[in-house]
Structures are given as structure tokens and as C-alpha cells.
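As C-alpha cells, the structure follows; a few thoughts come after it.
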Amino acid sequence: MKESYQRLLQNNHDWAIDKRKFNPDYFNKLSLGQSPEFLWIGCSDSRVPANEVTNTKPGEIFVHRNIANVVIQTDMNLLSVLYYAVDILHVKHIIVCGHYGCGGVNAAIQQKDFGFVNNWLRSIKEVYAKHKKELEAIDDLERRERRLVELNVIEQTNNLAKTRIVQRAWKNGSLQIHPWVFDCANGMITELDNKITSISDVEPIFRYDL
Ligand code: CO
């Protein structure tokens, strides 16, 4: 009997043959390079694959995923992806896409000890603390958690706007930052009301004298 991972290799083989069948030039074009217009910062959750939920093709979205789609200023991985996407690929839009039912947010809203992961979830607890008044005014715990998912996305877009990488891009051209939430229950993405398009959307203390 085949092992489960072998199905993936078989699928890949079928996919590659299929692509070539409909477009013999497909991989020749793909191997020439990438010029994606979008950077996607999403959750690692297996239910929210960037290309599939946006019905986009290979080459269209540059992707970074981590637990609960957070933007931490000391995360070398995130910063390297952001730098490459903005300075080298010149993406026009950065999307931070969270999702309802996020395990990371669910863990962060509790006081339970999750061992090493506590460190990662800390920044989500900071979002909770910042918006405690609004969140604790919501009695229904599921609704409160859904709101934390939204606020987490909004705060992560704010964190992006505080980076030198994004502020330099604004100085030289345009770059939009979009907070989105995906709902596993119906497959729909909702745009949240915190679109960031210029330095004027950033608190003055975080603006660099570039
Ligand atoms: Co998640």
C-alpha cells in the first residue's frame, strides 16, 4: 500500500502533466521568473492556502505564513520576506489575512500554558490587552474571539506600517496594506476597515525621517 505522502508526489506528477497538456509553454514561462503584485501574510493553518482561496495562479502571490499571521519587528524571516517583496519584487499590495477559528488566537485568548509557543502568542495577548475594553464588552466568548481575530489582523497591518521597509516604499511610490479575514465556514474573505495607504495613516511617533 502506498504511504500517504506518496499521494502528494503522484498529484504533483499529474498536475505537471496536466499543465503542459493545456499549455506546452507553461513551465518555460514559469521558470523565467516572478513578478507578483501581492504579498500575502497569512496563518499557517492548512485551511487557508493563499492561492486557492483567492483563485490565483503560481507566480501571482508572494507568500509568508506563520501561526496567527503576526508581524513581529524582530522576526528575521518576516522582515526578509517583506524586504524582498517590497524592495526587489516591488509588490503593490500587502495583504494580512487572518481567519476566524484561528488556533493561535484561540490559544492566546486563554491563560493556559502552551510551553514554547507562549513566546509567539505573546504579541496576540498584547493586542488583547490594548483592546481589552472593547473585547470584554462582548459577553459572547465566540464573538469576542472573532473580534480578536479581526483586531489582530488590524494591529499586524499597523505593525507593517511602522517598518522602515514600508515607509521607504511610500516615499518612492505607492504601496497599500489590506487587513482581511477569511471565514472557513463559508469560504468568504471580508475586508476590514483599516486600509493603510500612506505615512499619514501612521502614528507620528512611528514615522521615520527618511
Ligand atoms: Co490560524
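Chain labels A, B, ... are given in the sequence in which chains occur in the C-alpha cells; within each chain residues are numbered consecutively from 1, and ligands are likewise numbered from 1 in the order shown.
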So which residues are near ligand 1, meaning at most 10 Å away with only C-alpha atoms and all ligand atoms counted, given back as a PyMOL selection string?
-> chain A and resi 42-48+65-69+97-106+149+182
Go through range 4-112 of chain A and flag each residue having an atom no more than 12 Å from range 196-203 of chain A; for those, report the closest pair of atoms plus their distance in Å to one decimal, using only C-alpha atoms, ordered by chain and rising number, as JSON lines.
```
{"residue": "A:Lys92", "atom": "CA", "partner": "A:Thr197", "partner_atom": "CA", "distance": 10.4}
{"residue": "A:His93", "atom": "CA", "partner": "A:Thr197", "partner_atom": "CA", "distance": 9.4}
{"residue": "A:Ile94", "atom": "CA", "partner": "A:Ile196", "partner_atom": "CA", "distance": 9.8}
{"residue": "A:Ile95", "atom": "CA", "partner": "A:Ile196", "partner_atom": "CA", "distance": 10.6}
{"residue": "A:Val96", "atom": "CA", "partner": "A:Ile196", "partner_atom": "CA", "distance": 11.4}
```
Residues flagged strand (DSSP E or B) by DSSP in chain A, as a VMD selection string | chain A and resid 38 to 43 61 to 66 93 to 99 176 to 182 189 to 191 196
Write to file, as a short mmCIF file (atom, residue, chain, number, x, y, z; two decimals), in the first residue's frame, the residues of the selection just made, with N, CA, C and O atoms.
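Just written: result38.cif:
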```cif
data_model
loop_
_atom_site.label_atom_id
_atom_site.label_comp_id
_atom_site.auth_asym_id
_atom_site.auth_seq_id
_atom_site.Cartn_x
_atom_site.Cartn_y
_atom_site.Cartn_z
N PHE A 38 1.33 40.99 -5.31
CA PHE A 38 0.82 40.90 -3.94
C PHE A 38 1.76 40.14 -3.01
O PHE A 38 2.34 39.13 -3.40
N LEU A 39 1.85 40.65 -1.78
CA LEU A 39 2.48 39.88 -0.70
C LEU A 39 1.37 39.48 0.25
O LEU A 39 0.58 40.32 0.68
N TRP A 40 1.32 38.21 0.56
CA TRP A 40 0.29 37.67 1.45
C TRP A 40 0.95 37.25 2.75
O TRP A 40 1.91 36.49 2.74
N ILE A 41 0.49 37.81 3.86
CA ILE A 41 0.96 37.36 5.17
C ILE A 41 -0.24 36.70 5.84
O ILE A 41 -1.23 37.37 6.19
N GLY A 42 -0.18 35.39 5.95
CA GLY A 42 -1.35 34.65 6.44
C GLY A 42 -0.99 33.67 7.54
O GLY A 42 0.17 33.57 7.95
N CYS A 43 -1.99 32.96 8.00
CA CYS A 43 -1.77 31.96 9.05
C CYS A 43 -1.29 30.65 8.41
O CYS A 43 -1.62 30.34 7.28
N ILE A 61 1.21 35.49 -6.22
CA ILE A 61 1.28 35.96 -4.83
C ILE A 61 2.56 35.47 -4.15
O ILE A 61 2.87 34.28 -4.19
N PHE A 62 3.29 36.39 -3.55
CA PHE A 62 4.45 36.07 -2.74
C PHE A 62 3.90 35.83 -1.33
O PHE A 62 3.13 36.64 -0.83
N VAL A 63 4.29 34.71 -0.72
CA VAL A 63 3.59 34.29 0.50
C VAL A 63 4.50 34.11 1.70
O VAL A 63 5.59 33.54 1.60
N HIS A 64 4.02 34.62 2.84
CA HIS A 64 4.64 34.34 4.13
C HIS A 64 3.54 33.90 5.06
O HIS A 64 2.52 34.56 5.18
N ARG A 65 3.77 32.77 5.73
CA ARG A 65 2.74 32.31 6.69
C ARG A 65 3.40 31.94 8.00
O ARG A 65 4.50 31.39 8.03
N ASN A 66 2.71 32.27 9.09
CA ASN A 66 3.16 31.85 10.41
C ASN A 66 1.93 31.66 11.30
O ASN A 66 0.81 31.94 10.86
N HIS A 93 0.66 45.59 -3.24
CA HIS A 93 -0.29 45.39 -2.15
C HIS A 93 0.26 44.36 -1.17
O HIS A 93 0.78 43.34 -1.60
N ILE A 94 0.09 44.65 0.12
CA ILE A 94 0.40 43.65 1.15
C ILE A 94 -0.92 43.30 1.82
O ILE A 94 -1.65 44.19 2.28
N ILE A 95 -1.22 42.02 1.85
CA ILE A 95 -2.45 41.56 2.47
C ILE A 95 -2.09 40.81 3.74
O ILE A 95 -1.25 39.90 3.71
N VAL A 96 -2.68 41.21 4.86
CA VAL A 96 -2.57 40.40 6.07
C VAL A 96 -3.91 39.70 6.21
O VAL A 96 -4.95 40.37 6.36
N CYS A 97 -3.91 38.39 6.07
CA CYS A 97 -5.18 37.67 6.11
C CYS A 97 -5.24 36.74 7.31
O CYS A 97 -4.52 35.74 7.37
N GLY A 98 -6.09 37.08 8.26
CA GLY A 98 -6.35 36.20 9.40
C GLY A 98 -7.55 35.32 9.07
O GLY A 98 -8.07 35.36 7.96
N HIS A 99 -7.95 34.53 10.04
CA HIS A 99 -9.15 33.71 9.79
C HIS A 99 -9.86 33.42 11.10
O HIS A 99 -9.21 33.22 12.13
N GLN A 176 -0.10 49.59 -0.84
CA GLN A 176 -1.29 49.52 0.01
C GLN A 176 -1.24 48.30 0.91
O GLN A 176 -0.77 47.25 0.50
N ILE A 177 -1.74 48.48 2.13
CA ILE A 177 -1.77 47.38 3.10
C ILE A 177 -3.22 47.08 3.45
O ILE A 177 -3.97 47.99 3.81
N HIS A 178 -3.60 45.83 3.29
CA HIS A 178 -5.00 45.45 3.45
C HIS A 178 -5.22 44.42 4.55
O HIS A 178 -4.62 43.35 4.50
N PRO A 179 -6.08 44.72 5.52
CA PRO A 179 -6.43 43.71 6.53
C PRO A 179 -7.66 42.89 6.10
O PRO A 179 -8.73 43.47 5.87
N TRP A 180 -7.47 41.60 5.99
CA TRP A 180 -8.56 40.72 5.55
C TRP A 180 -8.78 39.60 6.57
O TRP A 180 -7.85 39.20 7.29
N VAL A 181 -10.02 39.08 6.58
CA VAL A 181 -10.30 37.90 7.39
C VAL A 181 -11.04 36.86 6.54
O VAL A 181 -12.01 37.19 5.86
N PHE A 182 -10.55 35.64 6.63
CA PHE A 182 -11.16 34.52 5.90
C PHE A 182 -12.06 33.76 6.86
O PHE A 182 -11.71 33.56 8.03
N ILE A 189 -13.86 35.95 2.12
CA ILE A 189 -12.91 36.89 2.73
C ILE A 189 -13.62 38.22 2.92
O ILE A 189 -14.30 38.70 2.02
N THR A 190 -13.44 38.82 4.11
CA THR A 190 -14.00 40.14 4.39
C THR A 190 -12.85 41.13 4.52
O THR A 190 -11.84 40.84 5.16
N GLU A 191 -13.03 42.32 3.92
CA GLU A 191 -12.04 43.39 4.07
C GLU A 191 -12.36 44.16 5.35
O GLU A 191 -13.49 44.60 5.53
N ILE A 196 -4.40 50.88 4.89
CA ILE A 196 -3.27 51.77 5.13
C ILE A 196 -2.59 52.04 3.79
O ILE A 196 -2.11 51.12 3.14
#
```
Excluding range 109-113 of chain A and any residue of its chain fewer than 2 positions from it, enumerate the residues within 9 Å of it, using only C-alpha atoms, and give them as an NGL selection string.
-> :A and (104-107 or 115-118 or 124-125 or 128 or 145 or 148)
Selection export as a PDB file, in the first residue's frame, atoms kept: N, CA and C atoms:
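After the write, selection22.pdb holds the following:
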```
ATOM      1  N   GLY A 104      -4.209  29.828  16.899  1.00  0.00           N
ATOM      2  CA  GLY A 104      -3.253  30.693  17.590  1.00  0.00           C
ATOM      3  C   GLY A 104      -3.959  31.753  18.421  1.00  0.00           C
ATOM      4  N   VAL A 105      -4.994  32.341  17.837  1.00  0.00           N
ATOM      5  CA  VAL A 105      -5.760  33.364  18.552  1.00  0.00           C
ATOM      6  C   VAL A 105      -6.533  32.714  19.698  1.00  0.00           C
ATOM      7  N   ASN A 106      -7.066  31.533  19.436  1.00  0.00           N
ATOM      8  CA  ASN A 106      -7.798  30.807  20.478  1.00  0.00           C
ATOM      9  C   ASN A 106      -6.889  30.481  21.668  1.00  0.00           C
ATOM     10  N   ALA A 107      -5.654  30.117  21.370  1.00  0.00           N
ATOM     11  CA  ALA A 107      -4.704  29.815  22.443  1.00  0.00           C
ATOM     12  C   ALA A 107      -4.324  31.080  23.207  1.00  0.00           C
ATOM     13  N   GLY A 115       3.659  26.179  26.673  1.00  0.00           N
ATOM     14  CA  GLY A 115       5.088  25.927  26.572  1.00  0.00           C
ATOM     15  C   GLY A 115       5.782  26.943  25.683  1.00  0.00           C
ATOM     16  N   PHE A 116       6.610  26.458  24.787  1.00  0.00           N
ATOM     17  CA  PHE A 116       7.421  27.322  23.942  1.00  0.00           C
ATOM     18  C   PHE A 116       6.587  28.317  23.127  1.00  0.00           C
ATOM     19  N   VAL A 117       5.405  27.867  22.715  1.00  0.00           N
ATOM     20  CA  VAL A 117       4.558  28.704  21.849  1.00  0.00           C
ATOM     21  C   VAL A 117       4.083  29.974  22.570  1.00  0.00           C
ATOM     22  N   ASN A 118       4.150  29.969  23.899  1.00  0.00           N
ATOM     23  CA  ASN A 118       3.771  31.179  24.656  1.00  0.00           C
ATOM     24  C   ASN A 118       4.480  32.409  24.103  1.00  0.00           C
ATOM     25  N   ILE A 124      -0.111  38.470  20.440  1.00  0.00           N
ATOM     26  CA  ILE A 124      -1.579  38.474  20.303  1.00  0.00           C
ATOM     27  C   ILE A 124      -2.210  38.877  21.642  1.00  0.00           C
ATOM     28  N   LYS A 125      -1.564  38.444  22.733  1.00  0.00           N
ATOM     29  CA  LYS A 125      -2.031  38.871  24.056  1.00  0.00           C
ATOM     30  C   LYS A 125      -1.884  40.398  24.199  1.00  0.00           C
ATOM     31  N   TYR A 128      -4.795  41.890  22.628  1.00  0.00           N
ATOM     32  CA  TYR A 128      -5.927  41.758  23.558  1.00  0.00           C
ATOM     33  C   TYR A 128      -5.863  42.852  24.631  1.00  0.00           C
ATOM     34  N   GLU A 145     -13.827  36.260  20.579  1.00  0.00           N
ATOM     35  CA  GLU A 145     -12.659  35.678  19.910  1.00  0.00           C
ATOM     36  C   GLU A 145     -12.612  36.084  18.435  1.00  0.00           C
ATOM     37  N   LEU A 148     -11.230  39.440  18.287  1.00  0.00           N
ATOM     38  CA  LEU A 148      -9.773  39.448  18.494  1.00  0.00           C
ATOM     39  C   LEU A 148      -9.038  39.035  17.212  1.00  0.00           C
TER      40      LEU A 148
END
```
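Shortest separation to Asn172 in chain A among A:Val153, A:Ile17, A:Val86, A:Val70 occurs at residue A:Val86, atoms counted being only C-alpha atoms.
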